[in-house]
file input.pdb (PDB, N, CA and C atoms)
MODEL        1
ATOM      1  N   GLU A   1     -48.990 -12.666  42.361
ATOM      2  CA  GLU A   1     -49.248 -13.480  43.510
ATOM      3  C   GLU A   1     -50.736 -13.689  43.642
ATOM      4  N   GLY A   2     -51.064 -14.849  44.171
ATOM      5  CA  GLY A   2     -52.462 -15.160  44.376
ATOM      6  C   GLY A   2     -52.661 -15.774  45.747
ATOM      7  N   GLU A   3     -53.802 -16.362  45.898
ATOM      8  CA  GLU A   3     -54.121 -17.029  47.157
ATOM      9  C   GLU A   3     -53.239 -18.265  47.321
ATOM     10  N   PRO A   4     -52.853 -18.617  48.574
ATOM     11  CA  PRO A   4     -52.064 -19.832  48.798
ATOM     12  C   PRO A   4     -52.865 -21.077  48.420
ATOM     13  N   SER A   5     -52.147 -22.086  47.987
ATOM     14  CA  SER A   5     -52.781 -23.368  47.664
ATOM     15  C   SER A   5     -53.252 -24.043  48.939
ATOM     16  N   ARG A   6     -54.273 -24.877  48.790
ATOM     17  CA  ARG A   6     -54.752 -25.642  49.943
ATOM     18  C   ARG A   6     -53.740 -26.734  50.259
ATOM     19  N   PRO A   7     -53.513 -27.035  51.534
ATOM     20  CA  PRO A   7     -52.580 -28.111  51.893
ATOM     21  C   PRO A   7     -53.099 -29.467  51.403
ATOM     22  N   VAL A   8     -52.203 -30.301  50.954
ATOM     23  CA  VAL A   8     -52.548 -31.631  50.461
ATOM     24  C   VAL A   8     -51.611 -32.637  51.112
ATOM     25  N   CYS A   9     -52.158 -33.712  51.598
ATOM     26  CA  CYS A   9     -51.342 -34.781  52.179
ATOM     27  C   CYS A   9     -51.179 -35.890  51.139
ATOM     28  N   LEU A  10     -49.955 -36.266  50.899
ATOM     29  CA  LEU A  10     -49.662 -37.346  49.959
ATOM     30  C   LEU A  10     -48.900 -38.441  50.675
ATOM     31  N   THR A  11     -49.250 -39.660  50.378
ATOM     32  CA  THR A  11     -48.519 -40.805  50.907
ATOM     33  C   THR A  11     -47.718 -41.404  49.764
ATOM     34  N   PRO A  12     -46.381 -41.388  49.874
ATOM     35  CA  PRO A  12     -45.583 -41.953  48.784
ATOM     36  C   PRO A  12     -45.808 -43.463  48.669
ATOM     37  N   VAL A  13     -45.767 -43.945  47.442
ATOM     38  CA  VAL A  13     -45.949 -45.373  47.173
ATOM     39  C   VAL A  13     -44.694 -45.886  46.474
ATOM     40  N   ASP A  14     -44.104 -46.923  47.047
ATOM     41  CA  ASP A  14     -42.908 -47.547  46.458
ATOM     42  C   ASP A  14     -43.347 -48.495  45.358
ATOM     43  N   ARG A  15     -42.943 -48.206  44.129
ATOM     44  CA  ARG A  15     -43.290 -49.063  42.992
ATOM     45  C   ARG A  15     -42.064 -49.644  42.320
ATOM     46  N   TYR A  16     -40.906 -49.533  42.988
ATOM     47  CA  TYR A  16     -39.654 -49.974  42.380
ATOM     48  C   TYR A  16     -39.200 -51.301  42.987
ATOM     49  N   ALA A  17     -39.130 -52.309  42.145
ATOM     50  CA  ALA A  17     -38.704 -53.640  42.597
ATOM     51  C   ALA A  17     -37.191 -53.686  42.772
ATOM     52  N   PRO A  18     -36.711 -54.540  43.660
ATOM     53  CA  PRO A  18     -35.257 -54.713  43.768
ATOM     54  C   PRO A  18     -34.719 -55.399  42.508
ATOM     55  N   ALA A  19     -33.415 -55.380  42.369
ATOM     56  CA  ALA A  19     -32.769 -56.063  41.237
ATOM     57  C   ALA A  19     -32.945 -57.573  41.384
ATOM     58  N   ALA A  20     -32.875 -58.270  40.267
ATOM     59  CA  ALA A  20     -32.944 -59.732  40.295
ATOM     60  C   ALA A  20     -31.665 -60.298  40.911
ATOM     61  N   PRO A  21     -31.771 -61.347  41.711
ATOM     62  CA  PRO A  21     -30.570 -61.979  42.244
ATOM     63  C   PRO A  21     -29.697 -62.521  41.107
ATOM     64  N   ALA A  22     -28.395 -62.362  41.239
ATOM     65  CA  ALA A  22     -27.451 -62.817  40.210
ATOM     66  C   ALA A  22     -26.561 -63.916  40.771
ATOM     67  N   GLY A  23     -25.924 -64.651  39.871
ATOM     68  CA  GLY A  23     -24.934 -65.649  40.263
ATOM     69  C   GLY A  23     -25.501 -66.909  40.883
ATOM     70  N   LEU A  24     -26.751 -67.249  40.593
ATOM     71  CA  LEU A  24     -27.344 -68.457  41.181
ATOM     72  C   LEU A  24     -26.569 -69.694  40.755
ATOM     73  N   GLN A  25     -26.220 -70.522  41.735
ATOM     74  CA  GLN A  25     -25.568 -71.807  41.490
ATOM     75  C   GLN A  25     -26.326 -72.882  42.254
ATOM     76  N   ALA A  26     -26.538 -74.020  41.612
ATOM     77  CA  ALA A  26     -27.179 -75.169  42.240
ATOM     78  C   ALA A  26     -26.164 -76.301  42.274
ATOM     79  N   VAL A  27     -25.894 -76.808  43.479
ATOM     80  CA  VAL A  27     -24.866 -77.830  43.652
ATOM     81  C   VAL A  27     -25.459 -79.008  44.405
ATOM     82  N   GLN A  28     -25.254 -80.212  43.873
ATOM     83  CA  GLN A  28     -25.688 -81.395  44.602
ATOM     84  C   GLN A  28     -24.836 -81.516  45.857
ATOM     85  N   ASP A  29     -25.497 -81.758  46.975
ATOM     86  CA  ASP A  29     -24.848 -81.821  48.274
ATOM     87  C   ASP A  29     -25.369 -83.057  49.000
ATOM     88  N   GLY A  30     -24.769 -84.227  48.705
ATOM     89  CA  GLY A  30     -25.276 -85.476  49.269
ATOM     90  C   GLY A  30     -26.653 -85.761  48.714
ATOM     91  N   ALA A  31     -27.637 -85.922  49.613
ATOM     92  CA  ALA A  31     -29.014 -86.200  49.198
ATOM     93  C   ALA A  31     -29.823 -84.912  49.102
ATOM     94  N   ALA A  32     -29.167 -83.776  48.914
ATOM     95  CA  ALA A  32     -29.842 -82.479  48.840
ATOM     96  C   ALA A  32     -29.236 -81.656  47.704
ATOM     97  N   VAL A  33     -29.843 -80.511  47.439
ATOM     98  CA  VAL A  33     -29.309 -79.533  46.492
ATOM     99  C   VAL A  33     -29.139 -78.226  47.257
ATOM    100  N   THR A  34     -27.938 -77.664  47.200
ATOM    101  CA  THR A  34     -27.672 -76.384  47.854
ATOM    102  C   THR A  34     -27.628 -75.291  46.796
ATOM    103  N   LEU A  35     -28.359 -74.225  47.047
ATOM    104  CA  LEU A  35     -28.410 -73.074  46.152
ATOM    105  C   LEU A  35     -27.679 -71.912  46.808
ATOM    106  N   VAL A  36     -26.902 -71.191  46.008
ATOM    107  CA  VAL A  36     -26.151 -70.022  46.481
ATOM    108  C   VAL A  36     -26.291 -68.937  45.421
ATOM    109  N   TRP A  37     -26.484 -67.679  45.858
ATOM    110  CA  TRP A  37     -26.585 -66.556  44.927
ATOM    111  C   TRP A  37     -26.000 -65.309  45.583
ATOM    112  N   ASN A  38     -25.784 -64.285  44.762
ATOM    113  CA  ASN A  38     -25.236 -63.017  45.246
ATOM    114  C   ASN A  38     -26.335 -62.190  45.900
ATOM    115  N   ALA A  39     -25.976 -61.491  46.957
ATOM    116  CA  ALA A  39     -26.934 -60.629  47.652
ATOM    117  C   ALA A  39     -27.350 -59.465  46.756
ATOM    118  N   VAL A  40     -28.588 -59.049  46.912
ATOM    119  CA  VAL A  40     -29.117 -57.873  46.210
ATOM    120  C   VAL A  40     -28.903 -56.660  47.105
ATOM    121  N   GLU A  41     -28.360 -55.600  46.529
ATOM    122  CA  GLU A  41     -28.148 -54.352  47.274
ATOM    123  C   GLU A  41     -29.400 -53.489  47.158
ATOM    124  N   ALA A  42     -30.188 -53.456  48.222
ATOM    125  CA  ALA A  42     -31.389 -52.612  48.277
ATOM    126  C   ALA A  42     -31.656 -52.291  49.741
ATOM    127  N   SER A  43     -31.824 -51.020  50.049
ATOM    128  CA  SER A  43     -32.008 -50.616  51.446
ATOM    129  C   SER A  43     -33.295 -51.167  52.053
ATOM    130  N   ASP A  44     -34.277 -51.460  51.220
ATOM    131  CA  ASP A  44     -35.553 -51.975  51.721
ATOM    132  C   ASP A  44     -35.779 -53.443  51.366
ATOM    133  N   LEU A  45     -34.702 -54.193  51.207
ATOM    134  CA  LEU A  45     -34.815 -55.608  50.833
ATOM    135  C   LEU A  45     -35.558 -56.384  51.916
ATOM    136  N   GLY A  46     -36.580 -57.109  51.504
ATOM    137  CA  GLY A  46     -37.347 -57.936  52.433
ATOM    138  C   GLY A  46     -36.850 -59.365  52.490
ATOM    139  N   GLY A  47     -36.228 -59.843  51.406
ATOM    140  CA  GLY A  47     -35.714 -61.206  51.382
ATOM    141  C   GLY A  47     -35.809 -61.811  49.994
ATOM    142  N   TYR A  48     -35.692 -63.140  49.978
ATOM    143  CA  TYR A  48     -35.642 -63.891  48.726
ATOM    144  C   TYR A  48     -36.637 -65.046  48.781
ATOM    145  N   VAL A  49     -37.159 -65.405  47.615
ATOM    146  CA  VAL A  49     -38.038 -66.564  47.482
ATOM    147  C   VAL A  49     -37.406 -67.496  46.457
ATOM    148  N   VAL A  50     -37.237 -68.757  46.854
ATOM    149  CA  VAL A  50     -36.666 -69.786  45.980
ATOM    150  C   VAL A  50     -37.809 -70.522  45.305
ATOM    151  N   LEU A  51     -37.680 -70.714  44.000
ATOM    152  CA  LEU A  51     -38.681 -71.440  43.214
ATOM    153  C   LEU A  51     -38.058 -72.714  42.662
ATOM    154  N   ARG A  52     -38.874 -73.741  42.526
ATOM    155  CA  ARG A  52     -38.391 -75.015  41.983
ATOM    156  C   ARG A  52     -39.448 -75.634  41.086
ATOM    157  N   GLY A  53     -38.975 -76.263  40.023
ATOM    158  CA  GLY A  53     -39.837 -77.050  39.158
ATOM    159  C   GLY A  53     -39.216 -78.420  38.988
ATOM    160  N   VAL A  54     -40.052 -79.444  38.841
ATOM    161  CA  VAL A  54     -39.565 -80.802  38.631
ATOM    162  C   VAL A  54     -39.707 -81.105  37.148
ATOM    163  N   GLY A  55     -38.569 -81.369  36.480
ATOM    164  CA  GLY A  55     -38.564 -81.572  35.040
ATOM    165  C   GLY A  55     -38.075 -80.307  34.349
ATOM    166  N   ALA A  56     -37.434 -80.477  33.229
ATOM    167  CA  ALA A  56     -36.789 -79.361  32.532
ATOM    168  C   ALA A  56     -37.767 -78.270  32.096
ATOM    169  N   THR A  57     -39.028 -78.615  31.819
ATOM    170  CA  THR A  57     -39.997 -77.626  31.351
ATOM    171  C   THR A  57     -41.100 -77.354  32.376
ATOM    172  N   ALA A  58     -40.896 -77.776  33.608
ATOM    173  CA  ALA A  58     -41.927 -77.641  34.641
ATOM    174  C   ALA A  58     -42.148 -76.188  35.038
ATOM    175  N   ARG A  59     -43.330 -75.899  35.506
ATOM    176  CA  ARG A  59     -43.653 -74.575  36.042
ATOM    177  C   ARG A  59     -43.007 -74.449  37.419
ATOM    178  N   LEU A  60     -42.355 -73.315  37.666
ATOM    179  CA  LEU A  60     -41.672 -73.108  38.937
ATOM    180  C   LEU A  60     -42.666 -72.707  40.025
ATOM    181  N   GLN A  61     -42.502 -73.299  41.207
ATOM    182  CA  GLN A  61     -43.351 -73.018  42.355
ATOM    183  C   GLN A  61     -42.477 -72.602  43.538
ATOM    184  N   PRO A  62     -42.945 -71.672  44.385
ATOM    185  CA  PRO A  62     -42.148 -71.259  45.540
ATOM    186  C   PRO A  62     -41.985 -72.396  46.542
ATOM    187  N   LEU A  63     -40.804 -72.465  47.160
ATOM    188  CA  LEU A  63     -40.529 -73.478  48.173
ATOM    189  C   LEU A  63     -40.790 -72.968  49.592
ATOM    190  N   MET A  64     -41.154 -71.691  49.722
ATOM    191  CA  MET A  64     -41.450 -71.135  51.036
ATOM    192  C   MET A  64     -42.562 -70.106  50.925
ATOM    193  N   ARG A  65     -43.240 -69.852  52.065
ATOM    194  CA  ARG A  65     -44.324 -68.863  52.094
ATOM    195  C   ARG A  65     -43.813 -67.489  52.479
ATOM    196  N   VAL A  66     -42.750 -67.468  53.274
ATOM    197  CA  VAL A  66     -42.178 -66.219  53.775
ATOM    198  C   VAL A  66     -40.773 -66.072  53.197
ATOM    199  N   PRO A  67     -40.422 -64.896  52.665
ATOM    200  CA  PRO A  67     -39.072 -64.714  52.116
ATOM    201  C   PRO A  67     -37.994 -64.979  53.169
ATOM    202  N   ILE A  68     -36.864 -65.508  52.702
ATOM    203  CA  ILE A  68     -35.725 -65.751  53.581
ATOM    204  C   ILE A  68     -34.725 -64.623  53.415
ATOM    205  N   ARG A  69     -33.912 -64.375  54.434
ATOM    206  CA  ARG A  69     -32.917 -63.297  54.379
ATOM    207  C   ARG A  69     -31.555 -63.804  53.890
ATOM    208  N   GLU A  70     -31.327 -65.094  53.965
ATOM    209  CA  GLU A  70     -30.044 -65.677  53.586
ATOM    210  C   GLU A  70     -29.892 -65.728  52.067
ATOM    211  N   THR A  71     -28.638 -65.844  51.614
ATOM    212  CA  THR A  71     -28.360 -65.990  50.178
ATOM    213  C   THR A  71     -27.971 -67.428  49.859
ATOM    214  N   THR A  72     -28.420 -68.352  50.689
ATOM    215  CA  THR A  72     -28.252 -69.784  50.437
ATOM    216  C   THR A  72     -29.538 -70.491  50.846
ATOM    217  N   TYR A  73     -29.783 -71.619  50.212
ATOM    218  CA  TYR A  73     -30.943 -72.436  50.561
ATOM    219  C   TYR A  73     -30.585 -73.886  50.282
ATOM    220  N   ARG A  74     -30.918 -74.778  51.211
ATOM    221  CA  ARG A  74     -30.646 -76.209  51.046
ATOM    222  C   ARG A  74     -31.966 -76.933  50.871
ATOM    223  N   ASP A  75     -32.163 -77.505  49.690
ATOM    224  CA  ASP A  75     -33.386 -78.252  49.369
ATOM    225  C   ASP A  75     -33.154 -79.716  49.705
ATOM    226  N   THR A  76     -33.766 -80.172  50.772
ATOM    227  CA  THR A  76     -33.590 -81.557  51.226
ATOM    228  C   THR A  76     -34.736 -82.455  50.769
ATOM    229  N   THR A  77     -35.621 -81.951  49.917
ATOM    230  CA  THR A  77     -36.781 -82.740  49.491
ATOM    231  C   THR A  77     -36.633 -83.277  48.069
ATOM    232  N   VAL A  78     -35.396 -83.360  47.583
ATOM    233  CA  VAL A  78     -35.172 -83.839  46.216
ATOM    234  C   VAL A  78     -35.150 -85.363  46.176
ATOM    235  N   THR A  79     -35.374 -85.895  44.976
ATOM    236  CA  THR A  79     -35.348 -87.331  44.732
ATOM    237  C   THR A  79     -34.216 -87.637  43.759
ATOM    238  N   THR A  80     -33.433 -88.644  44.065
ATOM    239  CA  THR A  80     -32.329 -89.051  43.196
ATOM    240  C   THR A  80     -32.857 -89.391  41.805
ATOM    241  N   GLY A  81     -32.196 -88.861  40.775
ATOM    242  CA  GLY A  81     -32.558 -89.141  39.390
ATOM    243  C   GLY A  81     -33.561 -88.183  38.783
ATOM    244  N   ALA A  82     -34.230 -87.392  39.598
ATOM    245  CA  ALA A  82     -35.190 -86.407  39.075
ATOM    246  C   ALA A  82     -34.436 -85.137  38.678
ATOM    247  N   THR A  83     -34.948 -84.430  37.677
ATOM    248  CA  THR A  83     -34.332 -83.179  37.240
ATOM    249  C   THR A  83     -35.106 -82.020  37.845
ATOM    250  N   TYR A  84     -34.367 -81.099  38.459
ATOM    251  CA  TYR A  84     -34.969 -79.933  39.111
ATOM    252  C   TYR A  84     -34.454 -78.656  38.469
ATOM    253  N   VAL A  85     -35.338 -77.683  38.344
ATOM    254  CA  VAL A  85     -34.980 -76.366  37.847
ATOM    255  C   VAL A  85     -35.266 -75.381  38.970
ATOM    256  N   TYR A  86     -34.290 -74.501  39.245
ATOM    257  CA  TYR A  86     -34.413 -73.522  40.332
ATOM    258  C   TYR A  86     -34.247 -72.109  39.804
ATOM    259  N   ALA A  87     -34.874 -71.171  40.493
ATOM    260  CA  ALA A  87     -34.678 -69.738  40.266
ATOM    261  C   ALA A  87     -34.986 -69.038  41.590
ATOM    262  N   VAL A  88     -34.559 -67.793  41.702
ATOM    263  CA  VAL A  88     -34.773 -67.003  42.918
ATOM    264  C   VAL A  88     -35.235 -65.611  42.514
ATOM    265  N   TYR A  89     -36.128 -65.032  43.318
ATOM    266  CA  TYR A  89     -36.448 -63.615  43.133
ATOM    267  C   TYR A  89     -36.348 -62.897  44.470
ATOM    268  N   ALA A  90     -36.159 -61.588  44.401
ATOM    269  CA  ALA A  90     -36.060 -60.750  45.595
ATOM    270  C   ALA A  90     -37.353 -59.963  45.769
ATOM    271  N   VAL A  91     -37.683 -59.660  47.033
ATOM    272  CA  VAL A  91     -38.836 -58.818  47.346
ATOM    273  C   VAL A  91     -38.387 -57.713  48.290
ATOM    274  N   ASP A  92     -39.096 -56.585  48.239
ATOM    275  CA  ASP A  92     -38.763 -55.506  49.171
ATOM    276  C   ASP A  92     -39.798 -55.460  50.300
ATOM    277  N   ASN A  93     -39.687 -54.451  51.162
ATOM    278  CA  ASN A  93     -40.566 -54.334  52.325
ATOM    279  C   ASN A  93     -41.799 -53.480  52.077
ATOM    280  N   ALA A  94     -42.051 -53.100  50.831
ATOM    281  CA  ALA A  94     -43.241 -52.300  50.527
ATOM    282  C   ALA A  94     -44.495 -53.118  50.807
ATOM    283  N   ALA A  95     -45.631 -52.422  50.948
ATOM    284  CA  ALA A  95     -46.903 -53.111  51.153
ATOM    285  C   ALA A  95     -47.851 -52.700  50.030
ATOM    286  N   PRO A  96     -48.165 -53.570  49.096
ATOM    287  CA  PRO A  96     -47.644 -54.935  48.933
ATOM    288  C   PRO A  96     -46.204 -54.909  48.414
ATOM    289  N   PRO A  97     -45.465 -56.016  48.647
ATOM    290  CA  PRO A  97     -44.056 -56.043  48.240
ATOM    291  C   PRO A  97     -43.877 -55.980  46.725
ATOM    292  N   ASN A  98     -42.810 -55.307  46.312
ATOM    293  CA  ASN A  98     -42.415 -55.295  44.908
ATOM    294  C   ASN A  98     -41.527 -56.510  44.670
ATOM    295  N   VAL A  99     -41.709 -57.161  43.546
ATOM    296  CA  VAL A  99     -41.020 -58.415  43.240
ATOM    297  C   VAL A  99     -40.058 -58.199  42.072
ATOM    298  N   SER A 100     -38.818 -58.683  42.224
ATOM    299  CA  SER A 100     -37.821 -58.559  41.160
ATOM    300  C   SER A 100     -38.109 -59.534  40.025
ATOM    301  N   GLN A 101     -37.357 -59.386  38.964
ATOM    302  CA  GLN A 101     -37.349 -60.394  37.907
ATOM    303  C   GLN A 101     -36.716 -61.657  38.479
ATOM    304  N   LEU A 102     -36.915 -62.780  37.818
ATOM    305  CA  LEU A 102     -36.283 -64.034  38.249
ATOM    306  C   LEU A 102     -34.790 -64.008  37.947
ATOM    307  N   SER A 103     -34.050 -64.689  38.787
ATOM    308  CA  SER A 103     -32.641 -64.942  38.491
ATOM    309  C   SER A 103     -32.568 -65.866  37.277
ATOM    310  N   LEU A 104     -31.377 -66.055  36.764
ATOM    311  CA  LEU A 104     -31.208 -67.089  35.745
ATOM    312  C   LEU A 104     -31.542 -68.433  36.372
ATOM    313  N   ARG A 105     -32.042 -69.344  35.577
ATOM    314  CA  ARG A 105     -32.414 -70.671  36.080
ATOM    315  C   ARG A 105     -31.208 -71.593  36.130
ATOM    316  N   GLN A 106     -31.250 -72.509  37.074
ATOM    317  CA  GLN A 106     -30.221 -73.540  37.195
ATOM    318  C   GLN A 106     -30.912 -74.888  37.220
ATOM    319  N   THR A 107     -30.347 -75.847  36.505
ATOM    320  CA  THR A 107     -30.888 -77.197  36.435
ATOM    321  C   THR A 107     -29.912 -78.163  37.052
ATOM    322  N   VAL A 108     -30.418 -79.096  37.846
ATOM    323  CA  VAL A 108     -29.569 -80.096  38.489
ATOM    324  C   VAL A 108     -30.348 -81.406  38.597
ATOM    325  N   THR A 109     -29.624 -82.523  38.440
ATOM    326  CA  THR A 109     -30.200 -83.856  38.605
ATOM    327  C   THR A 109     -29.405 -84.587  39.678
ATOM    328  N   PRO A 110     -29.927 -84.686  40.905
ATOM    329  CA  PRO A 110     -29.200 -85.392  41.962
ATOM    330  C   PRO A 110     -28.970 -86.844  41.606
ATOM    331  N   ARG A 111     -27.793 -87.349  41.907
ATOM    332  CA  ARG A 111     -27.436 -88.737  41.634
ATOM    333  C   ARG A 111     -27.276 -89.510  42.917
TER
ENDMDL
END

call {"tool": "encode", "arguments": {"input": "input.pdb", "output": "structure tokens"}}
result
Amino acid sequence: EGEPSRPVCLTPVDRYAPAAPAGLQAVQDGAAVTLVWNAVEASDLGGYVVLRGVGATARLQPLMRVPIRETTYRDTTVTTGATYVYAVYAVDNAAPPNVSQLSLRQTVTPR
């Protein structure tokens, strides 16, 4: 036996991202595109961010600044005849938030 160790305070850091959203579907809905995906099971889920690119090889950009809690999103800013590519990622409530991998991409051309 020896002298007791000095007390140390540790702050845990969450470095584990939530799972990627699965089952993404993009469906033309009149003059809009509706996206639906499966919920991610994570106790600290902060929400989802939808990304969109215009053109089959376009770089995807987020459609919102703040994550949404819903597992659906209606994009009403599409143009008939243009090709859109969508994906979704999940974020948790850590500071800074941990970001999941992207969902599979979906391509749709509104008519």

call {"tool": "resolve_selection", "arguments": {"input": "input.pdb", "expression": "the PyMOL selection byres ((chain A and resi 88-102) around 6)", "output": "list in words"}}
result
Tyr16, Ala17, Pro18, Ala19, Ala20, Pro21, Asp44, Leu45, Gly46, Gly47, Tyr48, Val49, Val50, Leu51, Tyr86, Ala87, Ser103 and Leu104 of chain A

call {"tool": "atom_distance", "arguments": {"input": "input.pdb", "atom1": "atom CA of Leu35 of chain A", "atom2": "atom C of Thr72 of chain A"}}
result
5.5 Å

call {"tool": "residues_around", "arguments": {"input": "input.pdb", "residues": "Asn38 of chain A", "least_positions_apart": "3", "cutoff": "7 Å", "atoms": "all atoms listed in the file", "output": "list in words"}}
result
Pro21, Ala22, Gly23, Leu24, Gln25, Glu41 and Thr71 of chain A

call {"tool": "atom_distance", "arguments": {"input": "input.pdb", "atom1": "atom N of Thr34 of chain A", "atom2": "atom N of Tyr73 of chain A"}}
result
7.0 Å

call {"tool": "atom_distance", "arguments": {"input": "input.pdb", "atom1": "atom N of Asp75 of chain A", "atom2": "atom N of Ala32 of chain A"}}
result
7.0 Å
